[in-house]
file protein_5.csv (CSV, C-alpha atoms)
chain,number,residue,atom,x,y,z
A,12,MET,CA,-70.9,-4.8,-2.4
A,13,THR,CA,-72.9,-6.9,-4.9
A,14,THR,CA,-74.5,-10.2,-4.9
A,15,THR,CA,-76.0,-12.6,-7.4
A,16,LEU,CA,-79.8,-12.9,-7.7
A,17,PRO,CA,-81.5,-15.9,-6.0
A,18,GLN,CA,-83.0,-18.5,-8.2
A,19,HIS,CA,-86.5,-17.6,-7.0
A,20,ILE,CA,-87.1,-13.9,-6.4
A,21,ASP,CA,-89.5,-12.9,-3.6
A,22,TYR,CA,-91.6,-10.0,-4.7
A,23,GLN,CA,-94.1,-10.1,-1.8
A,24,PRO,CA,-92.3,-7.3,0.2
A,25,LEU,CA,-93.1,-4.9,-2.7
A,26,ARG,CA,-96.9,-5.4,-1.9
A,27,ALA,CA,-96.7,-5.1,1.9
A,28,ASP,CA,-98.1,-2.3,3.9
A,29,PRO,CA,-95.8,-1.2,6.8
A,30,THR,CA,-97.1,-0.4,10.3
A,31,ALA,CA,-96.1,2.8,12.1
A,32,GLU,CA,-93.8,0.6,14.3
A,33,GLU,CA,-92.1,-0.9,11.3
A,34,LEU,CA,-91.4,2.5,9.8
A,35,ALA,CA,-90.0,3.7,13.1
A,36,GLN,CA,-87.7,0.6,13.3
A,37,LEU,CA,-86.4,1.5,9.8
A,38,ARG,CA,-85.7,5.1,10.8
A,39,SER,CA,-83.9,3.8,13.9
A,40,ALA,CA,-81.7,1.5,11.8
A,41,MET,CA,-80.9,4.4,9.5
A,42,GLY,CA,-80.1,6.6,12.5
A,43,ALA,CA,-77.7,3.9,13.7
A,44,GLY,CA,-75.9,4.1,10.3
A,45,GLU,CA,-76.9,0.6,9.1
A,46,PHE,CA,-77.4,1.9,5.5
A,47,GLY,CA,-74.6,4.4,5.5
A,48,ARG,CA,-74.2,8.1,6.2
A,49,PRO,CA,-76.2,9.5,3.2
A,50,SER,CA,-79.2,7.4,4.3
A,51,ARG,CA,-78.8,8.4,7.9
A,52,ASP,CA,-78.6,12.1,7.0
A,53,ARG,CA,-81.7,12.0,4.9
A,54,TYR,CA,-84.0,9.6,6.6
A,55,ALA,CA,-83.0,9.2,10.3
A,56,LYS,CA,-85.2,12.1,11.4
A,57,LYS,CA,-88.8,12.5,10.2
A,58,SER,CA,-89.4,15.4,7.9
A,59,ARG,CA,-90.9,18.6,9.4
A,60,VAL,CA,-92.2,19.8,6.0
A,61,GLY,CA,-95.8,19.3,7.2
A,62,ILE,CA,-95.3,21.4,10.3
A,63,ALA,CA,-93.5,24.1,8.4
A,64,MET,CA,-96.2,24.2,5.8
A,65,ALA,CA,-99.0,24.4,8.4
A,66,ALA,CA,-97.2,27.1,10.2
A,67,THR,CA,-96.5,29.1,7.0
A,68,VAL,CA,-99.9,28.9,5.5
A,69,GLY,CA,-102.1,28.7,8.5
A,70,GLY,CA,-100.0,30.7,11.0
A,71,PHE,CA,-98.6,33.5,9.0
A,72,LEU,CA,-101.7,34.2,6.8
A,73,GLY,CA,-103.9,33.6,9.8
A,74,LEU,CA,-102.0,36.2,11.8
A,75,ILE,CA,-102.4,38.7,9.1
A,76,PHE,CA,-106.2,38.2,8.8
A,77,GLY,CA,-106.4,38.1,12.6
A,78,ILE,CA,-104.8,41.5,12.9
A,79,MET,CA,-107.1,42.9,10.2
A,80,ALA,CA,-110.1,41.6,12.2
A,81,LEU,CA,-108.8,43.1,15.4
A,82,VAL,CA,-108.3,46.5,13.8
A,83,ALA,CA,-111.8,46.4,12.3
A,84,PHE,CA,-113.2,45.4,15.8
A,85,VAL,CA,-111.3,48.3,17.4
A,86,LYS,CA,-112.8,50.7,14.9
A,87,GLY,CA,-116.2,49.4,15.6
A,88,ASP,CA,-116.7,47.8,12.2
A,89,LYS,CA,-118.2,44.5,13.5
A,90,GLU,CA,-119.1,43.3,10.0
A,91,ASP,CA,-115.6,43.6,8.7
A,92,ALA,CA,-114.3,42.1,12.0
A,93,LEU,CA,-116.6,39.1,11.6
A,94,ILE,CA,-115.4,38.7,8.0
A,95,GLY,CA,-111.8,38.8,9.1
A,96,LEU,CA,-112.5,36.2,11.7
A,97,TRP,CA,-114.0,33.9,9.1
A,98,PHE,CA,-111.0,34.4,6.9
A,99,THR,CA,-108.7,33.7,9.8
A,100,ALA,CA,-110.4,30.4,10.6
A,101,GLY,CA,-110.5,29.4,6.9
A,102,VAL,CA,-106.8,30.1,6.4
A,103,ALA,CA,-105.9,28.2,9.6
A,104,ALA,CA,-108.0,25.2,8.4
A,105,ILE,CA,-106.3,25.4,5.0
A,106,GLY,CA,-102.9,25.4,6.7
A,107,LEU,CA,-103.8,22.3,8.7
A,108,VAL,CA,-105.0,20.5,5.6
A,109,CYS,CA,-101.8,21.5,3.7
A,110,GLY,CA,-99.7,20.2,6.6
A,111,TRP,CA,-101.6,17.0,6.8
A,112,LEU,CA,-101.2,16.4,3.0
A,113,ALA,CA,-97.5,17.1,3.3
A,114,ASP,CA,-97.1,14.6,6.1
A,115,ARG,CA,-99.2,12.0,4.2
A,116,SER,CA,-97.0,12.4,1.2
A,117,GLU,CA,-93.8,12.0,3.3
A,118,ARG,CA,-95.3,8.9,5.0
A,119,ARG,CA,-96.1,7.4,1.6
A,120,GLY,CA,-92.6,8.1,0.3
A,121,PHE,CA,-91.0,6.5,3.3
A,122,ALA,CA,-93.3,3.5,3.0
A,123,ALA,CA,-92.0,3.0,-0.5
A,124,ILE,CA,-88.4,3.0,0.9
A,125,TRP,CA,-89.5,0.5,3.5
A,126,ARG,CA,-90.8,-1.8,0.7
A,127,LEU,CA,-87.6,-1.4,-1.3
A,128,VAL,CA,-85.5,-2.3,1.8
A,129,GLY,CA,-87.7,-5.3,2.6
A,130,PHE,CA,-87.5,-6.5,-1.0
A,131,ALA,CA,-83.7,-6.2,-1.2
A,132,ARG,CA,-83.2,-7.9,2.2
A,133,ALA,CA,-85.6,-10.8,1.2
A,134,ASN,CA,-83.5,-11.5,-1.8
A,135,GLY,CA,-80.0,-10.8,-0.4
A,136,LEU,CA,-79.4,-7.7,-2.4
A,137,HIS,CA,-77.4,-4.7,-1.3
A,138,VAL,CA,-79.6,-1.6,-0.8
A,139,GLU,CA,-78.9,2.0,-0.1
A,140,PRO,CA,-82.0,4.3,0.3
A,141,GLU,CA,-79.7,7.2,-0.2
A,142,ALA,CA,-76.2,6.7,-1.6
A,143,LYS,CA,-73.0,8.6,-2.0
A,144,VAL,CA,-72.9,10.3,-5.4
A,145,LYS,CA,-70.3,8.8,-7.7
A,146,LEU,CA,-69.4,10.0,-11.2
A,147,LEU,CA,-70.5,7.3,-13.6
A,148,PRO,CA,-69.4,7.7,-17.3
A,149,GLY,CA,-73.0,8.0,-18.5
A,150,SER,CA,-73.9,11.4,-20.1
A,151,ILE,CA,-76.6,12.3,-17.6
A,152,PHE,CA,-74.5,12.0,-14.4
A,153,THR,CA,-72.8,14.7,-12.3
A,154,THR,CA,-71.3,14.8,-8.8
A,155,LYS,CA,-71.8,18.5,-8.1
A,156,SER,CA,-73.3,19.5,-4.8
A,157,HIS,CA,-76.8,19.6,-6.1
A,158,ALA,CA,-76.7,16.0,-7.3
A,159,SER,CA,-78.0,12.9,-5.4
A,160,THR,CA,-78.3,9.2,-5.8
A,161,SER,CA,-81.2,7.3,-4.1
A,162,GLU,CA,-83.0,4.0,-4.1
A,163,LYS,CA,-79.9,2.2,-5.1
A,164,VAL,CA,-80.0,-1.6,-5.3
A,165,SER,CA,-76.9,-3.6,-6.4
A,166,TRP,CA,-76.3,-7.2,-7.7
A,167,THR,CA,-74.4,-9.1,-10.3
A,168,ALA,CA,-75.5,-10.5,-13.7
A,169,GLY,CA,-73.2,-12.8,-15.6
A,170,GLY,CA,-70.3,-11.7,-13.4
A,171,HIS,CA,-70.9,-8.0,-14.1
A,172,ALA,CA,-71.7,-5.5,-11.4
A,173,VAL,CA,-75.2,-4.0,-11.8
A,174,GLN,CA,-76.9,-1.1,-10.0
A,175,ALA,CA,-80.4,0.3,-10.3
A,176,ALA,CA,-81.0,3.7,-8.8
A,177,VAL,CA,-82.3,7.2,-9.2
A,178,HIS,CA,-80.1,10.1,-10.2
A,179,HIS,CA,-81.3,13.6,-9.4
A,180,ARG,CA,-79.8,17.0,-9.8
A,181,ALA,CA,-81.1,20.6,-9.4
A,182,SER,CA,-79.8,24.0,-10.3
A,183,GLY,CA,-80.6,27.3,-8.6
A,184,GLY,CA,-80.6,30.8,-10.0
A,185,ALA,CA,-83.3,32.8,-11.6
A,186,GLN,CA,-84.6,29.8,-13.5
A,187,ALA,CA,-84.3,26.8,-11.2
A,188,ARG,CA,-84.3,23.5,-13.0
A,189,SER,CA,-84.3,19.9,-11.8
A,190,PHE,CA,-83.7,16.6,-13.5
A,191,THR,CA,-84.5,13.1,-12.3
A,192,SER,CA,-83.9,9.7,-14.0
A,193,ARG,CA,-84.2,6.2,-12.9
A,194,TYR,CA,-81.4,4.2,-14.4
A,195,LEU,CA,-79.9,0.7,-14.7
A,196,ALA,CA,-76.2,0.5,-15.1
A,197,VAL,CA,-74.1,-2.6,-16.0
A,198,GLN,CA,-70.3,-2.5,-15.8
A,199,LEU,CA,-69.0,-4.4,-18.8
A,200,GLY,CA,-65.4,-3.3,-19.5
A,201,ASP,CA,-64.9,-3.5,-23.2
A,202,VAL,CA,-68.0,-2.3,-25.0
A,203,PRO,CA,-68.4,0.0,-28.1
A,204,ARG,CA,-69.6,3.5,-27.6
A,205,LEU,CA,-73.3,3.7,-28.7
A,206,THR,CA,-76.6,5.3,-28.1
A,207,PHE,CA,-80.1,3.7,-28.5
A,208,VAL,CA,-83.2,5.9,-28.6
A,209,THR,CA,-86.6,4.1,-28.5
A,210,VAL,CA,-88.9,5.4,-31.3
A,211,GLY,CA,-92.0,7.3,-30.2
A,212,ARG,CA,-91.4,7.2,-26.5
A,213,ARG,CA,-91.1,10.1,-24.2
A,214,GLY,CA,-90.3,10.5,-20.5
A,215,ALA,CA,-87.0,8.7,-20.2
A,216,ALA,CA,-83.7,10.7,-20.2
A,217,ARG,CA,-82.0,10.8,-23.6
A,218,PRO,CA,-78.2,10.2,-23.7
A,219,ALA,CA,-76.0,12.8,-25.3
A,220,ALA,CA,-76.0,12.5,-29.1
A,221,ILE,CA,-72.9,11.1,-30.8
A,222,ALA,CA,-71.9,11.4,-34.4
A,223,GLY,CA,-72.0,8.3,-36.5
A,224,PRO,CA,-74.1,6.0,-38.7
A,225,GLU,CA,-77.7,5.4,-37.5
A,226,THR,CA,-79.4,2.0,-37.8
A,227,THR,CA,-83.1,1.3,-37.0
A,228,LEU,CA,-83.5,-1.9,-35.0
A,229,THR,CA,-86.7,-3.9,-34.3
A,230,GLY,CA,-86.8,-5.8,-31.1
A,231,ASP,CA,-88.2,-9.2,-30.5
A,232,ARG,CA,-91.4,-7.6,-29.1
A,233,GLY,CA,-92.0,-5.4,-32.2
A,234,GLY,CA,-90.8,-2.1,-30.8
A,235,ARG,CA,-88.3,0.0,-32.8
A,236,GLY,CA,-85.3,2.1,-31.8
A,237,THR,CA,-82.4,4.0,-33.4
A,238,LEU,CA,-78.9,2.8,-32.8
A,239,THR,CA,-76.1,5.3,-33.3
A,240,ALA,CA,-72.4,4.3,-33.0
A,241,LEU,CA,-69.0,5.5,-34.1
A,242,ALA,CA,-68.3,4.6,-37.7
A,243,ALA,CA,-65.3,2.4,-36.8
A,244,THR,CA,-67.3,0.4,-34.2
A,245,THR,CA,-70.7,0.2,-35.8
A,246,PRO,CA,-70.3,-3.6,-36.5
A,247,ALA,CA,-69.4,-4.3,-32.9
A,248,ALA,CA,-72.2,-2.1,-31.6
A,249,ARG,CA,-74.7,-3.8,-33.9
A,250,ALA,CA,-73.5,-7.2,-32.7
A,251,PHE,CA,-73.8,-6.1,-29.1
A,252,LEU,CA,-77.4,-4.7,-29.3
A,253,THR,CA,-79.2,-8.0,-29.9
A,254,GLU,CA,-82.8,-8.4,-30.8
A,255,GLU,CA,-83.6,-9.5,-27.2
A,256,LEU,CA,-81.9,-6.4,-25.8
A,257,ALA,CA,-83.7,-4.1,-28.3
A,258,GLY,CA,-87.0,-5.8,-27.4
A,259,LEU,CA,-86.5,-5.0,-23.7
A,260,LEU,CA,-85.5,-1.4,-24.3
A,261,THR,CA,-88.5,-0.8,-26.5
A,262,ASP,CA,-91.0,-2.6,-24.2
A,263,PRO,CA,-94.1,-0.5,-24.4
A,264,ASP,CA,-94.6,-0.8,-20.6
A,265,HIS,CA,-91.0,0.0,-19.7
A,266,PRO,CA,-89.6,2.1,-22.6
A,267,CYS,CA,-85.9,3.1,-22.1
A,268,HIS,CA,-83.3,5.0,-23.9
A,269,ALA,CA,-79.8,3.7,-23.5
A,270,GLU,CA,-76.1,4.2,-24.1
A,271,ALA,CA,-72.8,2.4,-23.7
A,272,LYS,CA,-69.9,4.6,-22.6
A,273,GLY,CA,-66.7,4.2,-20.6
A,274,GLY,CA,-67.1,0.5,-20.2
A,275,TRP,CA,-70.6,0.7,-18.9
A,276,PHE,CA,-74.1,0.2,-20.3
A,277,PHE,CA,-76.9,2.5,-19.1
A,278,ALA,CA,-80.6,2.2,-19.6
A,279,TYR,CA,-82.7,5.2,-18.6
A,280,TYR,CA,-86.2,4.7,-17.4
A,281,PRO,CA,-88.9,7.4,-17.1
A,282,ALA,CA,-88.4,9.3,-13.8
A,283,ASN,CA,-91.9,8.4,-12.6
A,284,GLN,CA,-91.3,4.7,-13.1
A,285,LYS,CA,-92.9,2.8,-10.1
A,286,MET,CA,-90.7,0.3,-8.2
A,287,ASP,CA,-93.3,-2.4,-8.5
A,288,GLU,CA,-92.9,-6.1,-9.4
A,289,ALA,CA,-93.2,-5.4,-13.1
A,290,TYR,CA,-90.4,-2.9,-13.0
A,291,TRP,CA,-88.0,-5.2,-11.1
A,292,ARG,CA,-88.8,-8.1,-13.4
A,293,HIS,CA,-87.9,-5.9,-16.4
A,294,ALA,CA,-84.8,-4.6,-14.7
A,295,PHE,CA,-83.5,-8.1,-13.9
A,296,ALA,CA,-84.3,-9.3,-17.4
A,297,LEU,CA,-82.6,-6.3,-18.9
A,298,ALA,CA,-79.4,-6.8,-16.9
A,299,ASP,CA,-79.2,-10.4,-17.8
A,300,ALA,CA,-79.8,-9.6,-21.5
A,301,VAL,CA,-77.0,-7.0,-21.4
A,302,ALA,CA,-74.6,-9.6,-19.9
A,303,ARG,CA,-75.6,-12.2,-22.5
A,304,ALA,CA,-75.2,-9.6,-25.3
A,305,HIS,CA,-71.8,-8.6,-24.1
A,306,GLU,CA,-70.6,-12.2,-24.0
A,307,SER,CA,-72.0,-13.1,-27.4
A,308,SER,CA,-70.7,-10.0,-29.2
A,309,THR,CA,-67.3,-10.4,-27.6
A,310,HIS,CA,-67.0,-13.8,-29.3
A,311,SER,CA,-68.6,-12.8,-32.6
A,312,ILE,CA,-66.4,-9.8,-33.4
A,313,PRO,CA,-62.7,-10.5,-33.8
call {"tool": "encode", "arguments": {"input": "protein_5.csv", "output": "structure tokens"}}
result
Amino acid sequence: MTTTLPQHIDYQPLRADPTAEELAQLRSAMGAGEFGRPSRDRYAKKSRVGIAMAATVGGFLGLIFGIMALVAFVKGDKEDALIGLWFTAGVAAIGLVCGWLADRSERRGFAAIWRLVGFARANGLHVEPEAKVKLLPGSIFTTKSHASTSEKVSWTAGGHAVQAAVHHRASGGAQARSFTSRYLAVQLGDVPRLTFVTVGRRGAARPAAIAGPETTLTGDRGGRGTLTALAATTPAARAFLTEELAGLLTDPDHPCHAEAKGGWFFAYYPANQKMDEAYWRHAFALADAVARAHESSTHSIP
């Protein structure tokens, strides 16, 4: 389900602060399945991480020091018993603080979801706080059990389906690893295989390398990036990646790496990219630029 952007976009919901009642209403809506099963499974019930952390840190360690203090008291060592009691109280306090910090972090994270939902609703966009994982052709994606898609907003640009979301995956084993990338995806159909890596920028996911000629491009904002395409389709790739598009990808405030693969265009933002007004303005502009680039390149290359 996608929709076109309104002529005037309302960014005010991104700056709003929710009340406890408003957060509870959103959880209730998620529990009712309004945002789909993945959102219901993740957000309908409040996280118990804070309680678990408080119990683990304060309860478990407090119990150990409490037993040590009791043993010392039974032996008649009042000084060690007093020290044990102080340690018990200190650990319990630390546990409560850790639990409070965990709850606070959970509330802040859910408040960000509340703002995202409010922003999407205010502008008639389709939103899924947690979405079913689908295998997109971009080189960073997987649908294995450890993968997830979140904060997904969908719309259309120039008749093309667009989605902005977060892709996350993790692996277990002796060396656990995790990967997170915020991305913008535009379904184009016929588009040449290419990669574009912004020069001098770190943080964004890099697409898998492809073999082919490299071309350094300068965007309309002065940033530079390296375009790589298959030898046979380099002219088409060069025609597609316009100066406007290169300028948005190399924007110093929102640097992205990108690729076109399997009929889609993907731009990868840094994982810690905030969902603020500046980000959404950039994402909307980037999607529109991709649609325009596709239309112009389709007509320029026979």
call {"tool": "closest_residue", "arguments": {"input": "protein_5.csv", "among": "A:Thr167, A:Thr226, A:Gln23, A:Ser156", "to": "Leu199 in chain A", "atoms": "all atoms listed in the file"}}
result
A:Thr167
call {"tool": "atom_distance", "arguments": {"input": "protein_5.csv", "atom1": "CA of Ser307 in chain A", "atom2": "CA of Glu270 in chain A"}}
result
18.1 Å
call {"tool": "closest_residue", "arguments": {"input": "protein_5.csv", "among": "A:Phe295, A:Asp262, A:Ala219, A:Gly236", "to": "Pro17 in chain A", "atoms": "only C-alpha atoms"}}
result
A:Phe295
call {"tool": "closest_residue", "arguments": {"input": "protein_5.csv", "among": "A:Ala248, A:Leu127, A:Leu16, A:Val202", "to": "Leu37 in chain A", "atoms": "only C-alpha atoms"}}
result
A:Leu127
call {"tool": "residues_around", "arguments": {"input": "protein_5.csv", "residues": "Gly273 in chain A", "least_positions_apart": "4", "cutoff": "8 Å", "atoms": "all atoms listed in the file", "output": "list in words"}}
result
Pro148, Gly149, Gly200, Val202 and Arg204 of chain A
call {"tool": "closest_residue", "arguments": {"input": "protein_5.csv", "among": "A:Lys143, A:Arg38, A:Arg180, A:His171", "to": "Ala300 in chain A", "atoms": "only C-alpha atoms"}}
result
A:His171
call {"tool": "closest_residue", "arguments": {"input": "protein_5.csv", "among": "A:Ala247, A:Val164, A:Ala278, A:Met41", "to": "Ala196 in chain A", "atoms": "all atoms listed in the file"}}
result
A:Ala278
call {"tool": "decode", "arguments": {"input": "protein_5.csv", "residues": "range 126-159 of chain A", "atoms": "N, CA and C atoms", "output": "compact mmCIF listing (two decimals), in the first residue's frame"}}
result
# COMPACT_ATOMS: atom_id res chain seq x y z
N ARG A 126 6.07 9.37 17.23
CA ARG A 126 6.24 10.53 16.33
C ARG A 126 6.20 10.09 14.87
N LEU A 127 6.85 8.96 14.56
CA LEU A 127 6.85 8.45 13.20
C LEU A 127 5.44 8.14 12.74
N VAL A 128 4.67 7.47 13.59
CA VAL A 128 3.28 7.13 13.24
C VAL A 128 2.46 8.40 13.05
N GLY A 129 2.64 9.37 13.95
CA GLY A 129 1.90 10.63 13.82
C GLY A 129 2.26 11.38 12.56
N PHE A 130 3.53 11.38 12.21
CA PHE A 130 3.99 12.04 10.98
C PHE A 130 3.40 11.37 9.75
N ALA A 131 3.43 10.05 9.71
CA ALA A 131 2.88 9.32 8.56
C ALA A 131 1.38 9.54 8.44
N ARG A 132 0.68 9.47 9.55
CA ARG A 132 -0.77 9.67 9.51
C ARG A 132 -1.13 11.09 9.08
N ALA A 133 -0.38 12.08 9.55
CA ALA A 133 -0.68 13.48 9.21
C ALA A 133 -0.52 13.74 7.72
N ASN A 134 0.30 12.91 7.05
CA ASN A 134 0.56 13.13 5.63
C ASN A 134 0.02 12.01 4.75
N GLY A 135 -0.82 11.15 5.32
CA GLY A 135 -1.46 10.10 4.53
C GLY A 135 -0.52 9.04 4.02
N LEU A 136 0.59 8.78 4.74
CA LEU A 136 1.56 7.79 4.31
C LEU A 136 1.33 6.47 5.04
N HIS A 137 1.68 5.38 4.39
CA HIS A 137 1.53 4.07 5.01
C HIS A 137 2.73 3.81 5.91
N VAL A 138 2.47 3.42 7.16
CA VAL A 138 3.55 3.22 8.12
C VAL A 138 3.41 1.87 8.79
N GLU A 139 4.54 1.21 9.01
CA GLU A 139 4.62 -0.05 9.73
C GLU A 139 5.78 0.06 10.72
N PRO A 140 5.50 0.26 12.01
CA PRO A 140 6.59 0.34 12.98
C PRO A 140 7.51 -0.88 12.94
N GLU A 141 6.92 -2.05 12.76
CA GLU A 141 7.67 -3.27 12.53
C GLU A 141 7.01 -3.97 11.35
N ALA A 142 7.79 -4.37 10.37
CA ALA A 142 7.22 -4.91 9.14
C ALA A 142 7.73 -6.32 8.88
N LYS A 143 6.99 -7.05 8.08
CA LYS A 143 7.42 -8.38 7.66
C LYS A 143 8.67 -8.25 6.80
N VAL A 144 9.65 -9.08 7.06
CA VAL A 144 10.90 -9.03 6.31
C VAL A 144 10.69 -9.59 4.91
N LYS A 145 11.03 -8.79 3.92
CA LYS A 145 10.95 -9.23 2.53
C LYS A 145 12.32 -9.11 1.88
N LEU A 146 12.64 -10.06 1.04
CA LEU A 146 13.95 -10.07 0.41
C LEU A 146 13.98 -9.08 -0.76
N LEU A 147 14.61 -7.97 -0.55
CA LEU A 147 14.84 -7.00 -1.62
C LEU A 147 16.15 -7.33 -2.33
N PRO A 148 16.32 -6.92 -3.58
CA PRO A 148 17.51 -7.31 -4.33
C PRO A 148 18.79 -6.59 -3.93
N GLY A 149 18.71 -5.59 -3.06
CA GLY A 149 19.92 -4.92 -2.61
C GLY A 149 20.88 -5.87 -1.92
N SER A 150 22.18 -5.57 -1.99
CA SER A 150 23.19 -6.52 -1.51
C SER A 150 23.25 -6.63 0.01
N ILE A 151 22.60 -5.74 0.76
CA ILE A 151 22.67 -5.80 2.22
C ILE A 151 21.55 -6.64 2.84
N PHE A 152 20.57 -7.05 2.05
CA PHE A 152 19.35 -7.62 2.63
C PHE A 152 19.40 -9.14 2.76
N THR A 153 18.72 -9.63 3.79
CA THR A 153 18.52 -11.06 4.00
C THR A 153 17.17 -11.26 4.67
N THR A 154 16.60 -12.45 4.53
CA THR A 154 15.32 -12.76 5.17
C THR A 154 15.48 -13.86 6.21
N LYS A 155 16.69 -14.14 6.63
CA LYS A 155 16.90 -15.18 7.62
C LYS A 155 16.23 -14.80 8.95
N SER A 156 16.11 -15.76 9.84
CA SER A 156 15.33 -15.57 11.06
C SER A 156 15.85 -14.45 11.95
N HIS A 157 17.11 -14.10 11.79
CA HIS A 157 17.68 -13.06 12.64
C HIS A 157 17.53 -11.67 12.03
N ALA A 158 16.83 -11.55 10.90
CA ALA A 158 16.67 -10.25 10.23
C ALA A 158 15.35 -9.60 10.62
N SER A 159 15.33 -8.27 10.55
CA SER A 159 14.10 -7.53 10.85
C SER A 159 14.03 -6.26 10.02
